[in-house]
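Below: model-v6.pdb (PDB, C-alpha atoms and all ligand atoms)
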```pdb
ATOM      1  CA  MET A  20     112.262  79.059  99.434
ATOM      2  CA  ILE A  21     111.887  82.743  98.693
ATOM      3  CA  VAL A  22     115.639  83.465  99.000
ATOM      4  CA  ASN A  23     118.651  81.235  98.271
ATOM      5  CA  PHE A  24     122.277  82.226  98.719
ATOM      6  CA  SER A  25     124.851  79.910  97.217
ATOM      7  CA  ASP A  26     128.589  80.391  97.787
ATOM      8  CA  VAL A  27     128.176  84.166  98.083
ATOM      9  CA  LYS A  28     131.253  86.241  98.828
ATOM     10  CA  PHE A  29     131.257  90.019  99.147
ATOM     11  CA  SER A  30     134.104  92.391 100.086
ATOM     12  CA  TYR A  31     134.128  96.194 100.066
ATOM     13  CA  SER A  32     137.747  96.079  99.016
ATOM     14  CA  SER A  33     139.228  93.366  96.873
ATOM     15  CA  LEU A  34     142.390  93.802  98.929
ATOM     16  CA  LYS A  35     140.579  92.796 102.082
ATOM     17  CA  GLU A  36     141.642  89.348 103.172
ATOM     18  CA  LYS A  37     138.307  88.222 104.594
ATOM     19  CA  PRO A  38     135.044  89.069 102.876
ATOM     20  CA  VAL A  39     132.350  90.762 105.007
ATOM     21  CA  ILE A  40     129.863  88.224 103.664
ATOM     22  CA  ASP A  41     130.901  84.641 102.953
ATOM     23  CA  ILE A  42     127.894  82.315 102.854
ATOM     24  CA  LEU A  43     128.003  78.819 101.417
ATOM     25  CA  ASN A  44     124.312  77.989 101.733
ATOM     26  CA  TRP A  45     121.463  79.987 103.197
ATOM     27  CA  SER A  46     117.739  80.020 102.483
ATOM     28  CA  ILE A  47     114.624  81.785 103.696
ATOM     29  CA  PRO A  48     111.415  79.735 103.577
ATOM     30  CA  GLN A  49     108.430  81.527 102.028
ATOM     31  CA  GLY A  50     105.946  83.072 104.441
ATOM     32  CA  THR A  51     108.243  83.024 107.495
ATOM     33  CA  LYS A  52     109.129  85.858 109.856
ATOM     34  CA  TYR A  53     112.911  85.545 109.882
ATOM     35  CA  PHE A  54     115.025  87.347 112.481
ATOM     36  CA  ILE A  55     118.777  87.869 112.065
ATOM     37  CA  TYR A  56     120.787  89.338 114.895
ATOM     38  CA  GLY A  57     124.394  90.397 114.983
ATOM     39  CA  GLY A  58     126.635  92.987 116.570
ATOM     40  CA  SER A  59     127.600  96.334 115.081
ATOM     41  CA  GLY A  60     129.728  95.850 111.979
ATOM     42  CA  SER A  61     128.892  92.137 111.645
ATOM     43  CA  GLY A  62     127.496  92.661 108.140
ATOM     44  CA  LYS A  63     123.707  92.856 108.615
ATOM     45  CA  SER A  64     123.119  95.858 106.346
ATOM     46  CA  THR A  65     125.532  94.453 103.771
ATOM     47  CA  LEU A  66     123.551  91.192 103.724
ATOM     48  CA  LEU A  67     120.275  93.068 103.152
ATOM     49  CA  ASN A  68     121.832  95.142 100.371
ATOM     50  CA  LEU A  69     122.927  91.926  98.635
ATOM     51  CA  LEU A  70     119.511  90.397  99.171
ATOM     52  CA  CYS A  71     117.724  93.183  97.332
ATOM     53  CA  GLY A  72     120.338  93.645  94.603
ATOM     54  CA  LEU A  73     121.671  97.024  95.766
ATOM     55  CA  LYS A  74     125.107  95.439  96.043
ATOM     56  CA  HIS A  75     126.525  92.637  93.924
ATOM     57  CA  PRO A  76     128.700  89.823  95.269
ATOM     58  CA  GLN A  77     132.122  89.141  93.734
ATOM     59  CA  ASN A  78     131.280  85.434  93.810
ATOM     60  CA  GLY A  79     128.269  83.136  93.970
ATOM     61  CA  SER A  80     124.569  83.259  93.262
ATOM     62  CA  ILE A  81     121.629  84.997  94.941
ATOM     63  CA  GLU A  82     118.146  83.840  93.983
ATOM     64  CA  VAL A  83     115.087  85.804  95.082
ATOM     65  CA  LEU A  84     111.588  84.587  94.189
ATOM     66  CA  GLY A  85     113.081  82.156  91.707
ATOM     67  CA  GLN A  86     115.108  84.838  89.869
ATOM     68  CA  LYS A  87     118.891  84.842  89.896
ATOM     69  CA  LEU A  88     119.895  88.463  90.561
ATOM     70  CA  GLU A  89     123.274  88.061  88.820
ATOM     71  CA  LEU A  90     121.500  87.345  85.532
ATOM     72  CA  MET A  91     119.539  90.608  85.654
ATOM     73  CA  SER A  92     120.619  94.094  84.551
ATOM     74  CA  ASN A  93     120.545  96.894  87.142
ATOM     75  CA  ARG A  94     117.387  98.217  85.500
ATOM     76  CA  GLN A  95     115.690  94.837  85.686
ATOM     77  CA  ILE A  96     116.713  94.542  89.338
ATOM     78  CA  ASP A  97     115.266  98.016  90.067
ATOM     79  CA  ARG A  98     111.923  97.001  88.546
ATOM     80  CA  PHE A  99     111.960  93.628  90.260
ATOM     81  CA  ARG A 100     112.658  95.325  93.597
ATOM     82  CA  ALA A 101     109.914  97.924  93.172
ATOM     83  CA  LYS A 102     107.419  95.183  92.362
ATOM     84  CA  ASN A 103     108.360  92.560  94.940
ATOM     85  CA  ILE A 104     110.356  94.002  97.852
ATOM     86  CA  GLY A 105     109.373  96.485 100.580
ATOM     87  CA  TYR A 106     111.761  98.045 103.107
ATOM     88  CA  ILE A 107     111.620  99.665 106.478
ATOM     89  CA  PHE A 108     114.728 101.526 107.559
ATOM     90  CA  GLN A 109     116.156 102.544 110.908
ATOM     91  CA  GLN A 110     114.995 106.160 110.566
ATOM     92  CA  PHE A 111     111.968 105.356 108.371
ATOM     93  CA  ASN A 112     113.439 107.695 105.686
ATOM     94  CA  LEU A 113     110.235 109.700 105.349
ATOM     95  CA  LEU A 114     110.142 113.080 103.604
ATOM     96  CA  ASN A 115     109.471 115.527 106.440
ATOM     97  CA  TYR A 116     107.495 118.205 104.589
ATOM     98  CA  PHE A 117     105.210 115.683 102.889
ATOM     99  CA  ASN A 118     102.141 114.278 104.587
ATOM    100  CA  ALA A 119     101.526 110.591 105.277
ATOM    101  CA  ILE A 120      99.602 109.954 102.050
ATOM    102  CA  GLU A 121     102.273 111.652  99.931
ATOM    103  CA  ASN A 122     105.025 109.645 101.605
ATOM    104  CA  VAL A 123     103.201 106.375 100.877
ATOM    105  CA  GLN A 124     102.365 107.528  97.338
ATOM    106  CA  LEU A 125     106.080 107.754  96.588
ATOM    107  CA  ALA A 126     106.403 103.974  96.961
ATOM    108  CA  VAL A 127     103.499 103.502  94.564
ATOM    109  CA  THR A 128     105.061 105.874  92.016
ATOM    110  CA  PHE A 129     108.124 103.654  91.785
ATOM    111  CA  SER A 130     106.104 100.509  91.133
ATOM    112  CA  THR A 131     104.618 100.564  87.627
ATOM    113  CA  SER A 132     102.618  97.412  88.187
ATOM    114  CA  HIS A 133     100.690  98.909  91.114
ATOM    115  CA  ARG A 134     100.363 102.516  89.949
ATOM    116  CA  GLN A 135      96.940 102.094  88.376
ATOM    117  CA  SER A 136      95.255 100.264  91.207
ATOM    118  CA  ILE A 137      96.338 102.270  94.246
ATOM    119  CA  ASN A 138      94.684 105.614  94.881
ATOM    120  CA  ALA A 139      94.674 108.058  97.803
ATOM    121  CA  SER A 140      91.597 106.485  99.385
ATOM    122  CA  ARG A 141      93.237 103.058  99.491
ATOM    123  CA  ILE A 142      96.290 104.635 101.155
ATOM    124  CA  THR A 143      94.041 106.432 103.657
ATOM    125  CA  ASP A 144      92.296 103.130 104.464
ATOM    126  CA  LEU A 145      95.637 101.449 105.126
ATOM    127  CA  LEU A 146      96.876 104.296 107.347
ATOM    128  CA  VAL A 147      93.624 104.229 109.342
ATOM    129  CA  GLU A 148      93.856 100.436 109.624
ATOM    130  CA  LEU A 149      97.338 100.953 111.053
ATOM    131  CA  GLY A 150      95.889 103.259 113.704
ATOM    132  CA  LEU A 151      96.620 106.730 112.332
ATOM    133  CA  ALA A 152      93.869 109.286 113.028
ATOM    134  CA  LYS A 153      92.309 110.828 109.909
ATOM    135  CA  THR A 154      93.297 114.299 111.175
ATOM    136  CA  ASP A 155      96.962 113.258 111.272
ATOM    137  CA  ILE A 156      97.074 111.847 107.774
ATOM    138  CA  PHE A 157      97.250 115.299 106.166
ATOM    139  CA  LYS A 158      99.908 116.803 108.450
ATOM    140  CA  PRO A 159     103.546 117.002 107.345
ATOM    141  CA  VAL A 160     105.110 113.882 108.867
ATOM    142  CA  GLU A 161     107.596 115.991 110.852
ATOM    143  CA  GLU A 162     104.599 116.999 112.997
ATOM    144  CA  LEU A 163     103.831 113.357 113.846
ATOM    145  CA  SER A 164     105.148 111.421 116.832
ATOM    146  CA  VAL A 165     107.778 108.718 116.289
ATOM    147  CA  GLY A 166     105.070 106.062 116.774
ATOM    148  CA  GLN A 167     102.870 107.689 114.122
ATOM    149  CA  GLN A 168     105.816 108.016 111.750
ATOM    150  CA  GLN A 169     106.472 104.310 112.172
ATOM    151  CA  ARG A 170     102.981 103.548 111.000
ATOM    152  CA  VAL A 171     103.575 105.650 107.905
ATOM    153  CA  GLY A 172     106.812 103.676 107.388
ATOM    154  CA  ILE A 173     104.924 100.372 107.622
ATOM    155  CA  ALA A 174     102.213 101.622 105.242
ATOM    156  CA  ARG A 175     104.824 102.730 102.710
ATOM    157  CA  ALA A 176     106.590  99.371 102.913
ATOM    158  CA  LEU A 177     103.388  97.353 102.516
ATOM    159  CA  ILE A 178     101.245  99.409 100.124
ATOM    160  CA  ASN A 179     102.463  97.442  97.096
ATOM    161  CA  LYS A 180     101.811  94.151  98.946
ATOM    162  CA  PRO A 181     105.437  93.040  98.535
ATOM    163  CA  LYS A 182     106.205  89.332  98.623
ATOM    164  CA  LEU A 183     109.287  90.112 100.698
ATOM    165  CA  LEU A 184     109.661  92.796 103.365
ATOM    166  CA  ILE A 185     113.099  93.773 104.622
ATOM    167  CA  ALA A 186     113.461  95.644 107.900
ATOM    168  CA  ASP A 187     116.814  97.084 108.991
ATOM    169  CA  GLU A 188     116.764  97.899 112.737
ATOM    170  CA  PRO A 189     113.551  99.935 112.536
ATOM    171  CA  THR A 190     112.964  99.706 116.293
ATOM    172  CA  SER A 191     116.264 101.093 117.534
ATOM    173  CA  SER A 192     114.804 104.493 118.500
ATOM    174  CA  LEU A 193     111.787 103.092 120.357
ATOM    175  CA  ASP A 194     111.161 102.207 123.978
ATOM    176  CA  GLU A 195     110.194  98.650 124.875
ATOM    177  CA  SER A 196     106.411  98.981 124.779
ATOM    178  CA  MET A 197     106.486 100.923 121.498
ATOM    179  CA  ARG A 198     108.820  98.288 120.089
ATOM    180  CA  ASP A 199     106.446  95.431 120.947
ATOM    181  CA  GLN A 200     103.487  97.345 119.533
ATOM    182  CA  PHE A 201     105.391  98.142 116.336
ATOM    183  CA  LEU A 202     106.395  94.498 115.864
ATOM    184  CA  SER A 203     102.904  93.172 116.551
ATOM    185  CA  THR A 204     101.424  95.547 113.979
ATOM    186  CA  LEU A 205     104.138  94.790 111.445
ATOM    187  CA  ILE A 206     103.733  91.030 111.826
ATOM    188  CA  ALA A 207      99.920  91.185 111.656
ATOM    189  CA  MET A 208     100.165  93.168 108.404
ATOM    190  CA  CYS A 209     102.676  90.679 106.962
ATOM    191  CA  ASP A 210     100.316  87.801 107.827
ATOM    192  CA  GLU A 211      97.417  89.627 106.178
ATOM    193  CA  ASN A 212      99.414  90.160 102.970
ATOM    194  CA  LYS A 213     101.220  86.775 103.071
ATOM    195  CA  THR A 214     104.496  88.700 103.062
ATOM    196  CA  THR A 215     107.772  87.046 104.095
ATOM    197  CA  LEU A 216     109.554  89.239 106.655
ATOM    198  CA  VAL A 217     113.334  89.477 107.052
ATOM    199  CA  PHE A 218     114.221  91.594 110.060
ATOM    200  CA  VAL A 219     117.759  92.416 111.229
ATOM    201  CA  SER A 220     118.738  93.869 114.567
ATOM    202  CA  HIS A 221     121.484  93.854 117.183
ATOM    203  CA  ASP A 222     118.722  93.458 119.811
ATOM    204  CA  LYS A 223     118.234  89.778 120.581
ATOM    205  CA  SER A 224     115.300  90.478 122.897
ATOM    206  CA  LEU A 225     113.056  90.940 119.837
ATOM    207  CA  LYS A 226     113.390  87.301 118.852
ATOM    208  CA  LYS A 227     110.163  86.194 120.572
ATOM    209  CA  HIS A 228     108.133  87.715 117.736
ATOM    210  CA  PHE A 229     109.695  85.562 114.984
ATOM    211  CA  ASP A 230     109.399  82.015 113.547
ATOM    212  CA  ILE A 231     113.096  81.633 112.703
ATOM    213  CA  VAL A 232     115.895  83.253 114.695
ATOM    214  CA  LYS A 233     119.543  83.181 113.566
ATOM    215  CA  SER A 234     122.723  84.892 114.524
ATOM    216  CA  LEU A 235     124.377  86.174 111.332
ATOM    217  CA  ASP A 236     127.526  84.337 112.447
ATOM    218  CA  GLU A 237     125.646  81.037 112.256
ATOM    219  CA  PHE A 238     125.518  81.132 108.479
ATOM    220  CA  ASN A 239     128.119  83.744 107.544
ATOM    221  CA  LYS A 240     131.770  82.723 107.235
ATOM    222  CA  GLN A 241     130.939  79.156 108.214
ATOM    223  CA  ASN A 242     131.904  77.303 105.061
ATOM    224  CA  GLY A 243     131.155  73.650 105.532
ATOM    225  CA  MET A 244     127.620  74.081 106.874
ATOM    226  CA  ALA A 245     124.855  73.325 104.430
ATOM    227  CA  ASN A 246     121.175  74.213 104.096
ATOM    228  CA  VAL A 247     120.931  76.514 107.051
ATOM    229  CA  TYR A 248     117.475  78.007 107.516
TER
HETATM  230  N1  LIG A 301     130.867 101.416 102.148
HETATM  231  C1  LIG A 301     131.732 100.678 102.862
HETATM  232  N2  LIG A 301     133.043 100.659 102.538
HETATM  233  C2  LIG A 301     133.926  99.902 103.222
HETATM  234  N3  LIG A 301     133.591  99.121 104.282
HETATM  235  C3  LIG A 301     132.302  99.120 104.655
HETATM  236  C4  LIG A 301     131.300  99.897 103.969
HETATM  237  N4  LIG A 301     130.105  99.673 104.565
HETATM  238  C5  LIG A 301     130.342  98.810 105.574
HETATM  239  N5  LIG A 301     131.652  98.478 105.636
HETATM  240  C6  LIG A 301     132.267  97.534 106.593
HETATM  241  O1  LIG A 301     131.650  96.253 106.451
HETATM  242  C7  LIG A 301     131.400  95.673 107.715
HETATM  243  C8  LIG A 301     129.914  95.358 107.843
HETATM  244  O2  LIG A 301     129.159  96.573 107.824
HETATM  245  P1  LIG A 301     127.575  96.596 107.920
HETATM  246  O3  LIG A 301     127.128  98.009 107.791
HETATM  247  O4  LIG A 301     127.017  95.598 106.987
HETATM  248  O5  LIG A 301     127.356  96.059 109.430
HETATM  249  P2  LIG A 301     126.064  96.087 110.355
HETATM  250  O6  LIG A 301     126.025  94.743 111.029
HETATM  251  O7  LIG A 301     124.872  96.474 109.570
HETATM  252  O8  LIG A 301     126.451  97.222 111.398
HETATM  253  P3  LIG A 301     125.516  98.198 112.290
HETATM  254  O9  LIG A 301     124.707  97.285 113.194
HETATM  255  O10 LIG A 301     126.530  98.993 113.057
HETATM  256  O11 LIG A 301     124.690  99.017 111.347
HETATM  257  C9  LIG A 301     131.931  96.637 108.752
HETATM  258  O12 LIG A 301     133.230  96.219 109.120
HETATM  259  C10 LIG A 301     132.009  97.951 108.031
HETATM  260  O13 LIG A 301     133.048  98.752 108.516
END
```
Before anything else, please render the file you have as structure tokens.
Ligand SMILES: Nc1ncnc2c1ncn2[C@@H]1O[C@H](COP(=O)(O)OP(=O)(O)OP(=O)(O)O)[C@@H](O)[C@H]1O
Amino acid sequence: MIVNFSDVKFSYSSLKEKPVIDILNWSIPQGTKYFIYGGSGSGKSTLLNLLCGLKHPQNGSIEVLGQKLELMSNRQIDRFRAKNIGYIFQQFNLLNYFNAIENVQLAVTFSTSHRQSINASRITDLLVELGLAKTDIFKPVEELSVGQQQRVGIARALINKPKLLIADEPTSSLDESMRDQFLSTLIAMCDENKTTLVFVSHDKSLKKHFDIVKSLDEFNKQNGMANVY
């Protein structure tokens, strides 16, 4: 298992009666493409924040790649995240005035272990492999189409060959054909890098692309169920 949650409870306010996240047992098998769906406000982003150590539960244990996050300092978690976890966000979070290579380089800058081995030509190769034309690689990303920006987002998430890739509704602004294309590319790249993919969305129709499909409600706030994966 690449991720294990054990009796994890998280509330934004300690006064809140019911925690947003309350998971007795939940695991993600290594190498899978894991899809979690849930409605708006169900706790998907909160779950991902816990998973990568950006938020800390009030109770329980979260183990990622064999490391218990609660035993690490924030600095250790930051390093661990930079080395092992990639993300793709809803809006891709690219820096508009920077070109594609510069946007990907930022991810490399934050990962000390990969800084030496990744140069601009390796980034260019990855962007071309993802279908970006060489002429587009040097334009500020604000001059790229949404589809091209997505490819930059995928390249940035995968350049460090993360063991775990987390995607938070990255397809919400795309039409159906773009969405399928994006997912096919993303999944092919994860297979190539042996990266485990955790993808959350409110859109159940995406589930056909994944090995494991769960509603967040199936394992959240369901104390009594064990070993759900
Ligand atoms: N910073 C915060 N402070 C207080 N409550 C919050 C905060 N962030 C989220 N919440 C609450 O926690 C619950 C879960 O929010 P979360 O953002 O995880 O849901 P989500 O499933 O990702 O929603 P969406 O699909 O709309 O992005 C919601 O009820 C939300 O109002």
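Across A:Ser234, A:Thr65, A:Ser30, A:Thr215, the tightest approach to ligand LIG 301 (chain A) is made by A:Thr65 when counting all atoms listed in the file.
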**OP:** Please identify all polymer residues within 10 Å of Ser59 in chain A, counting all atoms listed in the file, omitting same-chain residues fewer than 3 positions from it, and present them as a ChimeraX atom specification.
**Re:** /A:56,62-64,220-221
Original post:
Which residue out of A:Ser61, A:Thr190, A:Asn138, A:Asn122 has the minimum interatomic distance to Phe157 in chain A when all atoms listed in the file are used?
Top reply: A:Asn122
**OP:** Considering only C-alpha atoms and all ligand atoms, state which residue in the set A:Ile185, A:Ile42, A:Val219, A:Ile156 is at the smallest distance from ligand LIG 301 (chain A).
**Re:** A:Val219
**OP:** Using the chain letters and residue numbers of this document, give as a list in words the residues selected by the PyMOL selection byres (((chain A and resi 186) around 7) and not hetatm).
**Re:** Tyr106, Ile107, Phe108, Leu184, Ile185, Asp187, Glu188, Pro189, Val217, Phe218 and Val219 of chain A
**OP:** List the neighbours of range 110-114 of chain A out to 10 Å using only C-alpha atoms; skip same-chain residues closer than 6 positions along the sequence, and give me the result as a PyMOL selection string.
**Re:** chain A and resi 121-123+125+159-161+165+168-173+175-176+186-192
For the residues in the current selection, export C-alpha atoms as a PDB file, keeping the file's coordinate frame.
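Printed below is result.pdb as written:
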```pdb
ATOM      1  CA  GLU A 121     102.273 111.652  99.931  1.00  0.00           C
ATOM      2  CA  ASN A 122     105.025 109.645 101.605  1.00  0.00           C
ATOM      3  CA  VAL A 123     103.201 106.375 100.877  1.00  0.00           C
ATOM      4  CA  LEU A 125     106.080 107.754  96.588  1.00  0.00           C
ATOM      5  CA  PRO A 159     103.546 117.002 107.345  1.00  0.00           C
ATOM      6  CA  VAL A 160     105.110 113.882 108.867  1.00  0.00           C
ATOM      7  CA  GLU A 161     107.596 115.991 110.852  1.00  0.00           C
ATOM      8  CA  VAL A 165     107.778 108.718 116.289  1.00  0.00           C
ATOM      9  CA  GLN A 168     105.816 108.016 111.750  1.00  0.00           C
ATOM     10  CA  GLN A 169     106.472 104.310 112.172  1.00  0.00           C
ATOM     11  CA  ARG A 170     102.981 103.548 111.000  1.00  0.00           C
ATOM     12  CA  VAL A 171     103.575 105.650 107.905  1.00  0.00           C
ATOM     13  CA  GLY A 172     106.812 103.676 107.388  1.00  0.00           C
ATOM     14  CA  ILE A 173     104.924 100.372 107.622  1.00  0.00           C
ATOM     15  CA  ARG A 175     104.824 102.730 102.710  1.00  0.00           C
ATOM     16  CA  ALA A 176     106.590  99.371 102.913  1.00  0.00           C
ATOM     17  CA  ALA A 186     113.461  95.644 107.900  1.00  0.00           C
ATOM     18  CA  ASP A 187     116.814  97.084 108.991  1.00  0.00           C
ATOM     19  CA  GLU A 188     116.764  97.899 112.737  1.00  0.00           C
ATOM     20  CA  PRO A 189     113.551  99.935 112.536  1.00  0.00           C
ATOM     21  CA  THR A 190     112.964  99.706 116.293  1.00  0.00           C
ATOM     22  CA  SER A 191     116.264 101.093 117.534  1.00  0.00           C
ATOM     23  CA  SER A 192     114.804 104.493 118.500  1.00  0.00           C
TER      24      SER A 192
END
```
Original post:
Which polymer residues have any atom within 9 Å of an atom of Asn212 in chain A, counting all atoms listed in the file, with same-chain residues fewer than 4 positions away left out, as a list in words?
Top reply: Leu177, Lys180, Pro181, Lys182, Ala207 and Met208 of chain A
Original post:
What is the CA of Ser203 in chain A to CA of Asp155 in chain A distance in Å?
Top reply: 21.6 Å
Subject >> Selection as a ChimeraX atom specification: residues within 10 Å of (117.4, 81.3, 92.3), counting all atoms listed in the file >> reply: /A:20-25,80-90
Subject >> Between CA of Asp210 in chain A and CA of Thr51 in chain A, distance in Å (one decimal) >> reply: 9.3 Å
Produce the centre coordinates and the three edge lengths, each in Å to one decimal, of the box along x, y and z that contains all listed atoms of ligand LIG 301 (chain A) with 4 Å added on each side, as JSON.
```
{"center_x": 129.3, "center_y": 98.1, "center_z": 107.7, "size_x": 17.2, "size_y": 14.7, "size_z": 19.0}
```
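Reported to one decimal place, the separation of CA of Gln49 in chain A from CA of Leu151 in chain A is 29.7 Å.
Closest approach to ligand LIG 301 (chain A) among A:Lys213, A:Arg100, A:Lys52, A:Lys74: A:Lys74, based on only C-alpha atoms and all ligand atoms.
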Original post:
Excluding same-chain residues fewer than 5 positions from Val232 in chain A, what lies within 8 Å of it counting all atoms listed in the file, as a list in words?
Top reply: Tyr53, Phe54, Ile55, Tyr56 and Lys226 of chain A
Original post:
Which is closer to ligand LIG 301 (chain A) than all the others in A:Val39, A:Leu70, A:Leu183, A:Leu216, using all atoms listed in the file?
Top reply: A:Val39
Subject >> Close residues, Gly79 in chain A itself excluded, 7 Å, only C-alpha atoms, min 4 positions apart in chain, as a PyMOL selection string >> reply: chain A and resi 25-28
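The closest residue to Ser32 in chain A, picked from A:Gln77, A:Asn118, A:Asn93, A:Ser224 and counting only C-alpha atoms, is A:Gln77.
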Because some atoms of range 62-86 of chain A are absent here, can you restore N, CA and C atoms and send them as a tab-separated table (two decimals), in the frame of the given file?
```tsv
chain	number	residue	atom	x	y	z
A	62	GLY	N	127.83	92.84	109.56
A	62	GLY	CA	127.50	92.66	108.14
A	62	GLY	C	126.00	92.58	107.84
A	63	LYS	N	125.16	92.98	108.79
A	63	LYS	CA	123.71	92.86	108.62
A	63	LYS	C	123.20	93.71	107.44
A	64	SER	N	123.60	94.98	107.43
A	64	SER	CA	123.12	95.86	106.35
A	64	SER	C	123.67	95.40	105.00
A	65	THR	N	124.92	94.94	105.01
A	65	THR	CA	125.53	94.45	103.77
A	65	THR	C	124.72	93.27	103.24
A	66	LEU	N	124.35	92.35	104.13
A	66	LEU	CA	123.55	91.19	103.72
A	66	LEU	C	122.23	91.64	103.08
A	67	LEU	N	121.56	92.61	103.69
A	67	LEU	CA	120.28	93.07	103.15
A	67	LEU	C	120.46	93.74	101.79
A	68	ASN	N	121.56	94.50	101.66
A	68	ASN	CA	121.83	95.14	100.37
A	68	ASN	C	122.06	94.11	99.27
A	69	LEU	N	122.72	93.00	99.62
A	69	LEU	CA	122.93	91.93	98.64
A	69	LEU	C	121.59	91.28	98.29
A	70	LEU	N	120.79	91.08	99.32
A	70	LEU	CA	119.51	90.40	99.17
A	70	LEU	C	118.56	91.14	98.22
A	71	CYS	N	118.64	92.47	98.23
A	71	CYS	CA	117.72	93.18	97.33
A	71	CYS	C	118.45	93.76	96.12
A	72	GLY	N	119.66	93.30	95.85
A	72	GLY	CA	120.34	93.64	94.60
A	72	GLY	C	120.92	95.04	94.57
A	73	LEU	N	121.05	95.70	95.73
A	73	LEU	CA	121.67	97.02	95.77
A	73	LEU	C	123.19	96.91	95.75
A	74	LYS	N	123.69	95.75	96.19
A	74	LYS	CA	125.11	95.44	96.04
A	74	LYS	C	125.22	94.08	95.36
A	75	HIS	N	126.34	93.89	94.67
A	75	HIS	CA	126.52	92.64	93.92
A	75	HIS	C	127.73	91.88	94.48
A	76	PRO	N	127.57	90.58	94.72
A	76	PRO	CA	128.70	89.82	95.27
A	76	PRO	C	129.78	89.62	94.21
A	77	GLN	N	131.02	89.43	94.67
A	77	GLN	CA	132.12	89.14	93.73
A	77	GLN	C	132.04	87.68	93.30
A	78	ASN	N	131.36	86.87	94.11
A	78	ASN	CA	131.28	85.43	93.81
A	78	ASN	C	129.93	84.88	94.25
A	79	GLY	N	129.44	83.87	93.52
A	79	GLY	CA	128.27	83.14	93.97
A	79	GLY	C	126.96	83.62	93.36
A	80	SER	N	125.88	83.02	93.85
A	80	SER	CA	124.57	83.26	93.26
A	80	SER	C	123.54	83.61	94.34
A	81	ILE	N	122.72	84.61	94.03
A	81	ILE	CA	121.63	85.00	94.94
A	81	ILE	C	120.32	84.90	94.16
A	82	GLU	N	119.44	84.04	94.66
A	82	GLU	CA	118.15	83.84	93.98
A	82	GLU	C	117.05	84.38	94.88
A	83	VAL	N	116.22	85.25	94.33
A	83	VAL	CA	115.09	85.80	95.08
A	83	VAL	C	113.83	85.55	94.27
A	84	LEU	N	112.85	84.91	94.88
A	84	LEU	CA	111.59	84.59	94.19
A	84	LEU	C	111.85	83.86	92.87
A	85	GLY	N	112.80	82.97	92.88
A	85	GLY	CA	113.08	82.16	91.71
A	85	GLY	C	113.91	82.85	90.63
A	86	GLN	N	114.31	84.10	90.87
A	86	GLN	CA	115.11	84.84	89.87
A	86	GLN	C	116.54	84.99	90.37
```
